[in-house]
>>> print(open('work.txt').read())   # compact mmCIF, C-alpha atoms
# COMPACT_ATOMS: atom_id res chain seq x y z
CA MET A 1 -10.80 33.12 19.58
CA ALA A 2 -10.27 29.75 21.24
CA THR A 3 -7.09 27.88 20.41
CA PRO A 4 -7.89 24.86 18.20
CA ILE A 5 -7.30 21.47 19.78
CA GLN A 6 -4.50 19.61 18.05
CA PRO A 7 -5.39 15.96 17.44
CA VAL A 8 -3.29 13.17 18.88
CA ILE A 9 -0.67 12.21 16.31
CA PRO A 10 -0.98 8.48 15.66
CA SER A 11 1.75 5.87 15.86
CA PHE A 12 1.68 2.08 15.71
CA TYR A 13 -0.15 -0.60 17.69
CA LYS A 14 -0.05 -4.34 18.23
CA PRO A 15 -2.75 -6.91 17.46
CA LYS A 16 -3.68 -10.10 19.18
CA GLY A 17 -2.36 -13.36 17.80
CA THR A 18 -4.60 -16.38 17.37
CA THR A 19 -5.48 -18.60 14.43
CA ALA A 20 -7.88 -17.52 11.72
CA ALA A 21 -10.38 -19.76 9.97
CA ALA A 22 -10.32 -19.29 6.21
CA THR A 23 -13.56 -19.45 4.24
CA ASN A 24 -14.43 -19.32 0.60
CA ASN A 25 -16.12 -16.35 -0.97
CA LYS A 26 -17.26 -15.32 -4.45
CA ASN A 27 -15.02 -13.20 -6.63
CA VAL A 28 -16.14 -9.75 -7.66
CA ASN A 29 -17.38 -9.57 -11.24
CA ASP A 30 -14.95 -9.03 -14.10
CA ASN A 31 -16.25 -5.57 -14.99
CA HIS A 32 -15.71 -4.36 -11.46
CA LYS A 33 -12.19 -5.82 -11.44
CA GLU A 34 -11.31 -4.04 -14.67
CA SER A 35 -12.55 -0.74 -13.27
CA VAL A 36 -10.60 -1.16 -10.03
CA ILE A 37 -7.49 -2.06 -12.04
CA GLY A 38 -8.00 1.18 -13.94
CA THR A 39 -7.69 3.15 -10.69
CA ASN A 40 -4.13 1.82 -10.43
CA ASP A 41 -3.16 3.34 -13.78
CA ASP A 42 -4.70 6.65 -12.73
CA ALA A 43 -2.88 6.67 -9.38
CA ALA A 44 0.46 5.95 -11.07
CA SER A 45 -0.16 8.81 -13.51
CA CYS A 46 -0.99 11.19 -10.65
CA LYS A 47 2.16 10.20 -8.78
CA GLU A 48 4.28 10.69 -11.89
CA SER A 49 2.84 14.18 -12.31
CA ALA A 50 3.68 15.20 -8.74
CA VAL A 51 7.16 13.65 -8.92
CA LYS A 52 8.01 15.49 -12.13
CA ILE A 53 7.17 18.81 -10.47
CA GLY A 54 9.32 17.96 -7.44
CA TYR A 55 6.91 17.00 -4.64
CA TRP A 56 9.06 13.98 -3.79
CA LYS A 57 11.85 11.95 -5.36
CA ASP A 58 10.90 8.83 -7.29
CA ASP A 59 13.16 7.75 -10.13
CA PHE A 60 11.04 4.68 -10.87
CA ILE A 61 7.39 5.67 -11.34
CA GLN A 62 8.26 6.78 -14.89
CA TYR A 63 8.64 3.14 -15.94
CA PHE A 64 5.02 2.41 -15.05
CA VAL A 65 3.37 5.36 -16.82
CA LYS A 66 2.92 5.22 -20.59
CA SER A 67 1.44 8.67 -21.22
CA PRO A 68 2.45 11.29 -18.62
CA VAL A 69 -0.13 14.00 -17.92
CA ARG A 70 0.37 17.04 -15.70
CA ARG A 71 -2.30 17.10 -13.02
CA ALA A 72 -3.83 20.02 -11.14
CA PRO A 73 -1.99 21.36 -8.06
CA LEU A 74 -4.85 20.04 -5.92
CA ILE A 75 -4.14 16.47 -7.05
CA ASN A 76 -0.37 16.82 -6.82
CA ARG A 77 -0.53 18.08 -3.25
CA GLY A 78 -3.03 15.39 -2.29
CA PHE A 79 -0.80 12.60 -3.55
CA PHE A 80 2.19 14.16 -1.80
CA THR A 81 0.28 13.98 1.49
CA ARG A 82 -0.66 10.36 0.87
CA VAL A 83 2.85 9.22 -0.11
CA GLU A 84 4.55 11.21 2.64
CA THR A 85 2.22 9.76 5.29
CA VAL A 86 2.94 6.18 4.22
CA GLU A 87 6.69 6.80 4.37
CA ALA A 88 6.45 8.51 7.76
CA LEU A 89 4.43 5.62 9.20
CA LEU A 90 6.84 3.08 7.79
CA ASN A 91 9.72 4.99 9.39
CA GLN A 92 7.87 4.84 12.73
CA PHE A 93 7.45 1.11 12.30
CA ILE A 94 11.16 0.67 11.55
CA GLN A 95 12.17 2.77 14.55
CA VAL A 96 9.98 0.75 16.91
CA TYR A 97 11.77 -2.45 15.95
CA THR A 98 15.30 -1.09 15.62
CA THR A 99 15.59 0.53 19.05
CA PRO A 100 16.87 -1.17 22.22
CA SER A 101 13.52 -0.61 23.93
CA SER A 102 11.65 -2.70 21.38
CA SER A 103 9.71 -5.52 23.04
CA SER A 104 9.95 -7.68 19.95
CA SER A 105 11.57 -11.06 20.47
CA SER A 106 12.61 -11.08 16.81
CA SER A 107 15.83 -9.74 15.39
CA PRO A 108 15.23 -5.98 15.01
CA SER A 109 16.69 -6.02 11.51
CA CYS A 110 14.14 -8.56 10.18
CA LEU A 111 10.89 -6.88 9.19
CA GLN A 112 8.16 -7.50 6.62
CA LEU A 113 5.89 -5.24 4.59
CA VAL A 114 2.76 -6.63 2.91
CA ASN A 115 1.27 -4.32 0.28
CA LEU A 116 -2.31 -5.40 -0.39
CA GLY A 117 -3.40 -4.18 -3.82
CA CYS A 118 0.11 -2.90 -4.50
CA GLY A 119 -0.57 -1.66 -8.02
CA TYR A 120 2.46 0.08 -9.50
CA ASP A 121 3.68 1.29 -6.12
CA THR A 122 7.44 1.94 -6.10
CA LEU A 123 8.10 2.06 -2.35
CA PHE A 124 10.44 -0.95 -2.45
CA PHE A 125 12.60 0.61 -5.16
CA ARG A 126 12.71 4.01 -3.47
CA LEU A 127 13.78 2.54 -0.13
CA LYS A 128 16.28 0.24 -1.80
CA GLN A 129 17.80 3.22 -3.58
CA GLN A 130 18.12 4.98 -0.22
CA GLN A 131 19.70 1.81 1.26
CA GLN A 132 17.14 1.95 4.07
CA GLN A 133 15.49 -1.28 3.03
CA GLN A 134 18.82 -3.11 2.81
CA GLN A 135 19.99 -1.80 6.17
CA HIS A 136 16.92 -3.05 8.01
CA GLU A 137 16.29 -6.16 5.90
CA ILE A 138 12.67 -5.41 5.13
CA THR A 139 11.17 -8.11 2.96
CA PHE A 140 8.43 -6.74 0.71
CA PHE A 141 5.41 -8.85 -0.27
CA GLU A 142 3.31 -7.25 -3.01
CA VAL A 143 0.00 -8.73 -4.13
CA ASP A 144 -2.73 -7.56 -6.49
CA TYR A 145 -5.03 -8.73 -9.27
CA LEU A 146 -3.43 -11.04 -11.84
CA GLN A 147 -3.44 -8.46 -14.65
CA VAL A 148 -1.66 -5.86 -12.50
CA ILE A 149 0.98 -8.34 -11.34
CA GLN A 150 1.56 -9.62 -14.88
CA ASN A 151 2.20 -6.08 -16.10
CA LYS A 152 4.39 -5.18 -13.13
CA LEU A 153 6.55 -8.28 -13.52
CA LYS A 154 7.03 -7.59 -17.23
CA ILE A 155 8.07 -4.00 -16.55
CA ILE A 156 10.51 -5.01 -13.80
CA ASN A 157 11.95 -7.86 -15.85
CA SER A 158 12.54 -5.60 -18.86
CA THR A 159 13.96 -2.60 -16.98
CA LYS A 160 17.62 -2.76 -15.94
CA GLU A 161 17.27 -0.04 -13.30
CA LEU A 162 14.53 -2.01 -11.53
CA ARG A 163 16.23 -5.40 -11.92
CA HIS A 164 19.42 -4.15 -10.27
CA LEU A 165 17.49 -2.97 -7.22
CA VAL A 166 15.77 -6.34 -6.86
CA ASP A 167 19.23 -7.94 -7.07
CA SER A 168 22.41 -6.08 -7.99
CA ASP A 169 23.61 -9.08 -10.01
CA TRP A 170 20.39 -9.50 -12.01
CA ASN A 171 21.76 -8.33 -15.34
CA ASP A 172 19.59 -9.92 -18.03
CA PRO A 173 15.82 -10.38 -18.30
CA ILE A 174 14.50 -13.81 -17.34
CA PRO A 175 12.81 -15.44 -20.37
CA SER A 176 9.07 -15.89 -20.12
CA SER A 177 7.44 -19.28 -20.61
CA SER A 178 6.50 -18.29 -24.16
CA SER A 179 10.18 -17.94 -25.08
CA SER A 180 11.51 -20.89 -23.13
CA SER A 181 10.70 -24.55 -22.73
CA SER A 182 10.68 -24.17 -18.94
CA THR A 183 7.88 -22.43 -17.08
CA ASN A 184 10.09 -21.69 -14.08
CA GLN A 185 13.13 -19.62 -14.94
CA THR A 186 15.68 -18.94 -12.21
CA GLN A 187 18.36 -16.27 -12.25
CA THR A 188 21.19 -17.31 -9.93
CA ASN A 189 23.59 -14.67 -8.66
CA GLY A 190 26.16 -16.22 -6.37
CA LEU A 191 24.73 -15.89 -2.87
CA HIS A 192 21.41 -14.53 -4.12
CA ASN A 193 18.86 -15.38 -6.78
CA VAL A 194 15.75 -14.06 -8.44
CA LYS A 195 13.11 -16.54 -9.49
CA ILE A 196 10.12 -15.78 -11.70
CA ASP A 197 7.47 -18.45 -12.06
CA TRP A 198 5.81 -17.24 -15.25
CA GLU A 199 3.13 -19.92 -15.05
CA ASN A 200 1.82 -18.56 -11.73
CA ASN A 201 3.11 -14.98 -12.20
CA ARG A 202 5.14 -15.03 -9.00
CA MET A 203 8.57 -13.59 -8.34
CA ILE A 204 10.75 -14.42 -5.36
CA SER A 205 14.00 -12.69 -4.43
CA PRO A 206 15.67 -12.29 -1.04
CA HIS A 207 13.78 -9.10 -0.14
CA TYR A 208 11.11 -8.60 -2.81
CA ARG A 209 8.30 -11.07 -3.54
CA VAL A 210 5.30 -10.61 -5.79
CA SER A 211 2.17 -12.66 -6.52
CA PRO A 212 -1.37 -12.34 -7.85
CA ILE A 213 -4.16 -12.56 -5.30
CA ASP A 214 -7.92 -12.18 -5.13
CA LEU A 215 -8.71 -10.36 -1.89
CA CYS A 216 -12.22 -11.81 -2.04
CA ASN A 217 -10.86 -15.36 -1.84
CA ILE A 218 -9.53 -15.55 1.71
CA SER A 219 -9.10 -19.33 1.45
CA SER A 220 -6.18 -18.76 -0.96
CA PHE A 221 -4.20 -16.49 1.37
CA ASP A 222 -2.30 -19.16 3.31
CA GLU A 223 -1.13 -20.96 0.17
CA ILE A 224 -0.08 -17.75 -1.59
CA PHE A 225 1.81 -16.19 1.30
CA ASN A 226 3.38 -19.50 2.33
CA SER A 227 4.64 -19.97 -1.23
CA LEU A 228 6.25 -16.53 -1.00
CA GLY A 229 8.00 -17.46 2.24
CA ILE A 230 6.11 -15.21 4.65
CA ASN A 231 7.21 -15.42 8.29
CA TYR A 232 4.30 -15.08 10.71
CA ASN A 233 6.59 -14.58 13.70
CA ILE A 234 8.42 -11.36 12.78
CA PRO A 235 7.09 -7.78 12.82
CA THR A 236 4.94 -7.06 9.76
CA ILE A 237 3.27 -3.91 8.48
CA PHE A 238 0.28 -4.13 6.12
CA LEU A 239 -0.52 -1.35 3.65
CA SER A 240 -3.93 -0.97 2.01
CA GLU A 241 -4.35 2.22 -0.02
CA CYS A 242 -7.83 2.56 -1.54
CA VAL A 243 -8.12 -1.22 -1.78
CA ILE A 244 -10.32 -2.81 0.89
CA ILE A 245 -13.06 -0.25 0.29
CA TYR A 246 -13.52 -1.68 -3.24
CA ILE A 247 -14.55 -5.10 -1.90
CA THR A 248 -17.58 -5.92 0.23
CA ALA A 249 -17.47 -5.23 3.96
CA ASP A 250 -17.64 -8.96 4.67
CA ASN A 251 -14.69 -9.76 2.41
CA GLY A 252 -12.73 -6.81 3.76
CA ASN A 253 -13.36 -7.94 7.33
CA LYS A 254 -11.96 -11.37 6.49
CA VAL A 255 -8.75 -9.83 5.16
CA ILE A 256 -8.34 -7.64 8.25
CA LYS A 257 -9.09 -10.57 10.57
CA TRP A 258 -6.69 -12.86 8.70
CA ALA A 259 -3.90 -10.34 9.23
CA SER A 260 -4.63 -9.88 12.93
CA ASP A 261 -4.92 -13.61 13.60
CA HIS A 262 -1.91 -14.88 11.67
CA PHE A 263 0.89 -12.51 12.69
CA LYS A 264 2.53 -12.36 16.10
CA GLU A 265 3.40 -8.64 15.84
CA SER A 266 1.90 -6.46 13.15
CA CYS A 267 0.14 -3.24 12.26
CA PHE A 268 -2.32 -2.37 9.52
CA VAL A 269 -2.37 0.97 7.70
CA THR A 270 -5.43 1.79 5.60
CA TYR A 271 -6.08 4.79 3.37
CA GLU A 272 -9.58 5.23 1.97
CA GLN A 273 -12.65 7.41 1.49
CA ILE A 274 -15.13 8.40 4.21
CA LYS A 275 -18.21 10.62 4.79
CA PRO A 276 -20.59 9.48 2.03
CA PHE A 277 -23.67 11.13 3.53
CA ASP A 278 -22.95 14.85 3.17
CA GLU A 279 -23.36 16.74 -0.11
CA PHE A 280 -19.76 16.42 -1.26
CA GLY A 281 -19.49 12.80 -0.10
CA SER A 282 -22.63 11.85 -1.97
CA MET A 283 -21.26 13.40 -5.15
CA MET A 284 -17.90 11.67 -4.62
CA VAL A 285 -19.55 8.26 -4.26
CA LYS A 286 -21.72 8.87 -7.32
CA ASN A 287 -18.73 9.87 -9.46
CA ILE A 288 -16.71 6.83 -8.41
CA ASN A 289 -19.70 4.54 -8.98
CA SER A 290 -20.05 5.93 -12.50
CA LYS A 291 -16.55 4.65 -13.27
CA GLY A 292 -17.64 1.10 -12.48
CA CYS A 293 -15.78 0.68 -9.20
CA PRO A 294 -18.23 1.42 -6.36
CA LEU A 295 -16.97 1.96 -2.82
CA GLN A 296 -18.54 -1.21 -1.51
CA SER A 297 -18.02 -0.70 2.22
CA ILE A 298 -18.15 3.07 2.64
CA TYR A 299 -21.68 3.05 4.08
CA GLN A 300 -20.79 0.43 6.71
CA PHE A 301 -17.71 2.42 7.82
CA PRO A 302 -18.58 6.02 6.93
CA ASP A 303 -16.54 8.00 9.46
CA LEU A 304 -13.45 7.93 11.67
CA ILE A 305 -15.23 6.32 14.63
CA ALA A 306 -16.64 3.52 12.49
CA GLN A 307 -13.24 3.00 10.88
CA LYS A 308 -11.53 2.66 14.26
CA ASN A 309 -14.20 0.37 15.69
CA ARG A 310 -14.01 -1.92 12.67
CA TYR A 311 -10.44 -2.90 13.48
CA LEU A 312 -10.99 -3.12 17.22
CA GLN A 313 -13.81 -5.59 16.59
CA LEU A 314 -11.60 -7.68 14.29
CA GLY A 315 -8.82 -8.47 16.74
CA TRP A 316 -6.59 -5.39 16.82
CA ASN A 317 -5.65 -4.06 20.24
CA ARG A 318 -5.46 -0.34 19.41
CA SER A 319 -6.77 1.70 16.54
CA ASP A 320 -6.83 5.32 15.51
CA ALA A 321 -7.77 7.43 12.51
CA LEU A 322 -7.26 10.94 11.16
CA ASP A 323 -8.70 12.58 8.08
CA MET A 324 -6.25 14.02 5.58
CA VAL A 325 -6.84 17.62 6.67
CA ASP A 326 -5.45 16.82 10.12
CA ILE A 327 -2.76 14.61 8.61
CA TYR A 328 -1.53 17.53 6.49
CA ASN A 329 -1.80 20.09 9.28
CA TYR A 330 -0.34 18.10 12.17
CA PHE A 331 1.41 14.93 10.98
CA ILE A 332 3.48 15.85 7.92
CA ASP A 333 6.95 17.32 8.49
CA LYS A 334 6.53 21.12 8.46
CA SER A 335 9.83 21.64 6.66
CA LYS A 336 8.62 19.47 3.77
CA ILE A 337 5.29 21.29 3.60
CA LYS A 338 7.14 24.61 3.40
CA ILE A 339 9.05 23.33 0.37
CA ILE A 340 6.15 21.81 -1.56
CA GLU A 341 3.86 24.79 -1.00
CA ARG A 342 6.27 26.85 -3.11
CA LEU A 343 6.18 24.48 -6.08
CA GLU A 344 2.91 25.62 -7.68
CA ILE A 345 0.39 28.42 -7.45
CA PHE A 346 -2.38 27.04 -5.25
CA ASP A 347 -5.76 28.70 -4.88
CA GLU A 348 -8.07 25.68 -4.55
CA PHE A 349 -8.40 25.87 -0.78
CA GLU A 350 -12.14 25.19 -0.57
CA GLU A 351 -11.82 22.10 -2.76
CA TRP A 352 -8.71 21.03 -0.84
CA TYR A 353 -10.49 20.94 2.51
CA LEU A 354 -13.53 19.22 1.02
CA ILE A 355 -11.56 16.44 -0.68
CA GLN A 356 -9.01 15.87 2.08
CA GLY A 357 -11.78 15.79 4.66
CA HIS A 358 -13.29 12.82 2.82
CA TYR A 359 -10.16 10.64 2.96
CA CYS A 360 -8.46 9.19 6.00
CA PHE A 361 -5.68 7.00 7.30
CA THR A 362 -6.87 4.39 9.78
CA ASN A 363 -5.11 2.10 12.29
CA LEU A 364 -2.02 4.16 12.78
CA ARG A 365 -1.45 3.43 16.47
CA TYR A 366 1.01 0.91 17.81
>>> encode(input="work.txt", output="structure tokens")
Amino acid sequence: MATPIQPVIPSFYKPKGTTAAATNNKNVNDNHKESVIGTNDDAASCKESAVKIGYWKDDFIQYFVKSPVRRAPLINRGFFTRVETVEALLNQFIQVYTTPSSSSSSSPSCLQLVNLGCGYDTLFFRLKQQQQQQQHEITFFEVDYLQVIQNKLKIINSTKELRHLVDSDWNDPIPSSSSSSSTNQTQTNGLHNVKIDWENNRMISPHYRVSPIDLCNISSFDEIFNSLGINYNIPTIFLSECVIIYITADNGNKVIKWASDHFKESCFVTYEQIKPFDEFGSMMVKNINSKGCPLQSIYQFPDLIAQKNRYLQLGWNRSDALDMVDIYNYFIDKSKIKIIERLEIFDEFEEWYLIQGHYCFTNLRY
């Protein structure tokens, strides 16, 4: 039997840097938005299930899940692979800019992470707990639909454990506009401060900044990110996990192009569905459509080659993609796989390969 060819393990890449032209576009309809927002609640619930069993450590996802439900081993292992890949890629990004060989002209300790469609993601809190974020001074920018951001801000503001990671001196909740005569409440903590603008649902702290955004309205991007204090001249990593695929290909292209044009040094990590034309893929698309949140660009970018070419055509210098089968087999730390494979009885191998073969990470090369 021939030895299988191991795929090239991706790392990061650099984009070009010019100036993007912003244009207006129509918002997606309200029903579609509500359905997409619902996928955030489901993802948080799935993560909480895997965390409770021990797939990875996350002391904070519990605050974002109202009714915990234990999920099937297939789902738990799939979310482990997704979360572990994001963390591994972020670690690569950090290493590139914190080594003497880095070509960046910026201070290696000043980095940015932009989470597009952040949902209830807890990456900031997990890294802060590990002190990794503080050590490297990564400033997080999280954006999503208004309803998601409203809920996330309320949860953070009302939860001491989360407040103290945003700022160790943030002791008391900041009153909302409904309980105070001022719409802009500022918590001052000596050298640091946390500011929540309840009128616009924005929060700014030294290393964690949050705002609503409509990814279909590219003309609003400059104002929103400028108001959050984004720095276009320092290394920035973009995360998009099952987000861009829910907007039209044209709107998604504008987001990708905006990122490549505006930032001097950056990379873009995307996780989404592929292969809609085979039997399983067709069923997957139909099931997701039935939930009211169709995969609006899956037919334009249906496979790994199309995914890679999309980014190359939108201003990125290098692009790569792997499906989740290869990610699990070749990219994830083998010692971690050995541990998690002992957590639950797992006999869903046929379904595992089918599902993981229809998801991919794209743009992982530096």
>>> closest_residue(input="work.txt", among="A:Glu142, A:Asp172, A:Asp59, A:Glu241", to="Arg209 of chain A", atoms="all atoms listed in the file")
A:Glu142
>>> residues_around(input="work.txt", residues="Ile156 of chain A", least_positions_apart="4", cutoff="9 Å", atoms="all atoms listed in the file", output="PyMOL selection string")
chain A and resi 63+151-152+160-163+166+173
>>> residues_around(input="work.txt", residues="Ala249 of chain A", least_positions_apart="5", cutoff="10 Å", atoms="only C-alpha atoms", output="PDB file with C-alpha atoms, in the coordinates of the input")
ATOM      1  CA  ILE A 244     -10.320  -2.810   0.890  1.00  0.00           C
ATOM      2  CA  LYS A 254     -11.960 -11.370   6.490  1.00  0.00           C
ATOM      3  CA  VAL A 255      -8.750  -9.830   5.160  1.00  0.00           C
ATOM      4  CA  LEU A 295     -16.970   1.960  -2.820  1.00  0.00           C
ATOM      5  CA  GLN A 296     -18.540  -1.210  -1.510  1.00  0.00           C
ATOM      6  CA  SER A 297     -18.020  -0.700   2.220  1.00  0.00           C
ATOM      7  CA  ILE A 298     -18.150   3.070   2.640  1.00  0.00           C
ATOM      8  CA  TYR A 299     -21.680   3.050   4.080  1.00  0.00           C
ATOM      9  CA  GLN A 300     -20.790   0.430   6.710  1.00  0.00           C
ATOM     10  CA  PHE A 301     -17.710   2.420   7.820  1.00  0.00           C
ATOM     11  CA  ARG A 310     -14.010  -1.920  12.670  1.00  0.00           C
TER      12      ARG A 310
END
>>> closest_residue(input="work.txt", among="A:Val194, A:Ile234, A:Leu322, A:Val96", to="Ser168 of chain A", atoms="all atoms listed in the file")
A:Val194
>>> atom_distance(input="work.txt", atom1="atom CA of Gly281 of chain A", atom2="atom CA of Ile337 of chain A")
26.5 Å
>>> residues_around(input="work.txt", residues="Phe125 of chain A", least_positions_apart="2", cutoff="10 Å", atoms="all atoms listed in the file", output="PyMOL selection string")
chain A and resi 58-61+121-123+127-131+133+161-166+208
>>> atom_distance(input="work.txt", atom1="atom CA of Arg71 of chain A", atom2="atom CA of Lys291 of chain A")
18.9 Å
>>> atom_distance(input="work.txt", atom1="atom CA of Cys293 of chain A", atom2="atom CA of Ile245 of chain A")
9.9 Å
>>> closest_residue(input="work.txt", among="A:Tyr246, A:Tyr330, A:Phe79, A:Tyr311", to="Ile288 of chain A", atoms="all atoms listed in the file")
A:Tyr246
>>> residues_around(input="work.txt", residues="Ile224 of chain A", least_positions_apart="2", cutoff="12 Å", atoms="all atoms listed in the file", output="PyMOL selection string")
chain A and resi 141-144+200-204+209-215+217-222+226-230
>>> closest_residue(input="work.txt", among="A:Cys46, A:Cys216, A:Leu146, A:Leu74", to="Phe346 of chain A", atoms="all atoms listed in the file")
A:Leu74
